Number of protein chains: 2
Amino acid sequence: MGNKITARKEDYSKWYNDIVSEAGLAESSDVRGCMVIKPYGFSIWELMKSQLDKMFKETGHENAYFPLFVPKSLFEAEEKNAEGFAKECAIVTHYRLKNDPDKKGKLIIDPDSKLEEELIVRPTSEAIIWKTYKNWIQSYRDLPILINQWANVVRWEMRTRLFLRTAEFLWQEGHTAHATKEEALNETKLINDIYAEFAEKYMAMPVVKGYKSESERFAGAEETLCIEALMQDGKALQAGTSHFLGQNFAKAFDVKFADKSGKLEYVWATSWGVSTRLMGALIMSHSDDNGLVLPPFLAPTQVILIPVIKAKESSDQIVERTNEIHSKLKDLGVRVKIDDRENISLGFKLNDSEVKGIPMRIVIGLKEIENNSADIFYRHDMSKINSSFDKIVDKIFDSIELIQDNMIKLSNERLKSNTHEVDSYDDFKNLIESQSGFVIAGWDGTKETEEAIKNETKATIRCIPENIDSKGVTCIYSGKPAAHKVIFSKSY
Amino acid sequence: MGNKITARKEDYSKWYNDIVSEAGLAESSDVRGCMVIKPYGFSIWELMKSQLDKMFKETGHENAYFPLFVPKSLFEAEEKNAEGFAKECAIVTHYRLKNDPDKKGKLIIDPDSKLEEELIVRPTSEAIIWKTYKNWIQSYRDLPILINQWANVVRWEMRTRLFLRTAEFLWQEGHTAHATKEEALNETKLINDIYAEFAEKYMAMPVVKGYKSESERFAGAEETLCIEALMQDGKALQAGTSHFLGQNFAKAFDVKFADKSGKLEYVWATSWGVSTRLMGALIMSHSDDNGLVLPPFLAPTQVILIPVIKAKESSDQIVERTNEIHSKLKDLGVRVKIDDRENISLGFKLNDSEVKGIPMRIVIGLKEIENNSADIFYRHDMSKINSSFDKIVDKIFDSIELIQDNMIKLSNERLKSNTHEVDSYDDFKNLIESQSGFVIAGWDGTKETEEAIKNETKATIRCIPENIDSKGVTCIYSGKPAAHKVIFSKSY
């Protein structure tokens with residue numbers, strides 16, 4: 001067969017692109033930095049979306065939809081936020097085209113359609129949403145507001161990579177409003193915990209939870225919580241962020257509420273998001289040189305059945321057996337498909353299912369009918385077990401959780417074996433240079449140290465993990481007492 | 001109590017706006033022509049979306065995602081399509097803001113960030129999608145492509161109304177590619193039938209299916225099929241369209257495939273869509289002067305339980321009974337909620353459930369506990385039936401289909417009694433002027449007649465219905481032999 005996927009060792013970055021392309025997940029478009037998410041890639045995203053949506057709703061959040069455009073005057077209202085996004089905004093300036101008088105069949109901008117005020121294509125929606133919340137909030141009875149939106153956003157990136165960094169991407173952005181600081185802080189943490197649970201349980205991708213250093217915070221936030229995952233090349237990937245926005249947006253848009261005593265107070269805010277970047281994280285967490293590897297919980301097809309018909313005599317039996325397994329699995333809620341495409345070789349089908357990362361594959365031909373058993377092929381570790389046909393449906397069904405658990409275990413081990421603690425800057429530099437991974441070290445808490453380490457090693461503070469004691473620890477760089485033990489890594 | 005909804009007779013248009021506002025469905029935003037879809041409105045849209053998505057997938061369609069932006073050179077490639085949308089396009093010309101040197105804290109467009117080629121915010125995605133399909137299609141084996149996308153689009157409308165006509169709206173757009181004309185025509189029809197089934201079965205909104213006259217066709221289409229619904233004020237509303245695009249886009253983007261004999265042929269195309277406009281149709285189909293009326297299949301909350309606790313003695317019994325009904329209904333898959341908000345009067349809660357169109361309401365207080373029975377209040381006809389507590393769960397469950405059927409029946413009757421056939425222009429004008437509705441009449445098939453009738457009466461040809469014989473019929477306007485019997489109406 002020979003698939004077209006570059007080996008990781010040879011060129012990790014090319015390997016990633018090959019997986020995205022060969023598995024049919026996404027491709028670049030004619031629009032600079034914007035991707036086309038192909039049906040197979042999108043069906044994985046739909047599964048992610050549906051699980052996250054369920055988790056948000058179970059914790060009291062509702063979906064809504066706010067405008068794509070942000071008038072410039074709203075955009076610039078919260079200064080830090082505006083400053084953070086100003087350099088990467090798509091800006092709408094006109095609303096009409098007209099025929100080009102010089103070139104038949106061509107169009108030009110109609111200069112008479114210039115907008116009085118420019119519209120920014122949302123890079124994030126705090127501004128437009130807080131302008132709206134102003135009208136919704138008068139008293140403590142109107143709080144909390146717990147709203148999420150699934151939407152597209154645009155950030156003009158100069159260097160893009162499919163899923164990981166694109167000019168337009170799909171995401172969810174939660175925007176909540178609270179009466180107290182404590183409640184908003186709890187919300188920020190609740191969501192970061194949901195993100196971590198989703199990553200670990202569904203993506204089979206363990207993460208470290210923590211908060212960002214000031215310089216890595218979201219523009220306009222007072223605190224940013226995050227989940228950080230470790231990719232196979234030893235680089236970290238920020239997979240989700242949850243921001244405590246303090247009263248910054250409430251002040252920028254003058255959003256006050258009357259508390260129980262009638263006193264007017266500014267409202268407390270959070271915002272939080274995960275995006276199609278998670279697709280990149282999922283791909284890089286598990287895939288191998290044969291193609292995509294998907295955890296069964298997020299696999300659009302969990303099981304593929306391939307009937308192999310060589311002679312007419314056995315055809316009925318094979319088809320019957322295949323259909324029987326298919327319908328029993330379907331009844332159990334398993335996402336199962338039959339690959340009975342004609343004029344396509346078995347070799348091609350086997351390779352196709354591997355490249356696409358379908359967790360289980362069962363080939364059913366004459367031999368299997370005669371033996372009354374078939375092999376269940378497990379994509380994640382390329383192993384096989386044989387099962388009699390009378391037990392195969394149960395075996396497949398049980399395997400869904402077993403594979404998922406196994407993948408979680410493997411990922412946890414990888415994370416553990418690639419996380420190191422150091423107490424000297426030499427050890428730190430060696431580790432970062434040789435293999436990166438997560439490197440835990442003392443940091444004195446200053447921007448200067450953070451900056452110097454970044455410049456010298458390209459490693460950044462990924463997060464300040466929750467619940468790590470830093471007593472008696474010194475900063476690897478300055479030798480001063482450490483303010484925190486933090487996680488450094490090279491990153492995406 | 002007294003709700004704030006204007007009576008239909010008094011001012012139909014204000015009635016509509018009041019429903020949208022009082023039921024908490026949507027509101028205007030700070031962005032010209034763009035709406036905020038509020039959580040309750042969005043939850044109805046989510047139910048619509050999920051049902052339609054299921055129907056598309058059951059007929060072999062997959063979802064994908066294509067870029068928000070269309071480079072101008074692609075946009076203008078299919079000339080008729082470009083011409084149709086050129087006058088209502090949001091156009092991105094720059095990608096960066098910078099600090100205004102004259103005004104601290106303000107931003108201006110960075111003139112150095114001017115794009116070499118302008119980007120159109122998609123008003124529809126044929127252009128960007130067919131540019132993509134070009135790379136996906138080489139042979140007949142690559143066909144058909146059956147793709148749908150759920151997305152936001154922008155059409156710069158001057159006069160906007162919430163849901164019915166907004167500059168940005170949410171929709172689904174299907175884009176399919178086929179090897180033969182026949183297959184593409186069948187797809188166009190299949191989808192129009194799905195739209196009709198969805199409207200009738202789920203929205204309880206009967207529609208007339210048919211095709212558009214040439215002047216009402218989608219820009220770039222060779223045939224447009226549509227479903228047309230009749231609103232309570234006698235005006236028609238186009239609720240969905242399905243276009244046979246011929247080979248127009250294949251030719252514009254040079255998309256050819258090799259057929260089985262190896263001969264290169266242009267690919268045949270369809271596109272089809274329904275949008276958040278359906279929300280407007282749903283609202284106007286059933287609602288009354290008390291507020292929104294929702295068919296149970298699309299009601300986010302199908303049943304509301306209101307416990308009324310006046311004395312401590314009975315409190316436990318009331319709460320217990322309410323919880324019991326709630327949990328039994330939940331187990332049956334009914335969307336049920338308890339309104340146990342404190343410090344809110346019963347009157348307010350009753351009114352709230354009516355304004356929001358919750359199909360069934362059960363109040364449970366001391367009297368109900370003593371009688372061992374409660375009233376089930378039906379929102380759609382404001383009637384009540386009494387049920388003993390041991391039968392109430394079954395009664396409520398069965399009522400879901402009964403209400404849905406009843407609403408379909410009522411809507412069908414309304415459609416029937418507001419559809420008239422005429423054979424003279426005088427009768428036609430009288431009907432259109434007095435009550436509009438659907439008016440069936442002979443049309444000679446010319447643009448001139450269509451135009452003249454529109455100018456004189458404001459009525460347009462809504463569609464040329466399938467399967468109506470026009471033999472021996474004459475045109476009401478010209479007196480010439482009719483090419484078709486068509487449906488005229490004033491419309492949204």
# chains A, B, ... in the order shown; residues from 1 in each chain; ligands from 1
>>> residues_around(residues="Trp268 of chain A", least_positions_apart="5", cutoff="9 Å", atoms="only C-alpha atoms", output="list in words")
Thr176, Ala177, His178, Ala179, Thr180, Lys181, Glu183, Ala184, Phe244, Leu245, Gly246, Gln247, Asn248, Phe249 and Ala250 of chain A
>>> interface_residues(of="chain B", to="chain A", cutoff="7 Å", atoms="only C-alpha atoms", output="count of residues only")
36
>>> residues_around(residues="segment 220-230 of chain A", least_positions_apart="2", cutoff="9 Å", atoms="only C-alpha atoms", output="ChimeraX atom specification")
/A:78-82,84,188-189,192-193,195-196,199,205-214,216-218,232-246,248-249,270-271,281,285,414-415,418,437-438,462-463,491
>>> atom_distance(atom1="atom CA of Val274 of chain A", atom2="atom CA of Leu47 of chain A")
14.0 Å
>>> select_by_dssp(residues="segment 206-283 of chain A", states="helix (DSSP H, G or I)", output="PyMOL selection string")
chain A and resi 214-216+248-252+277-283
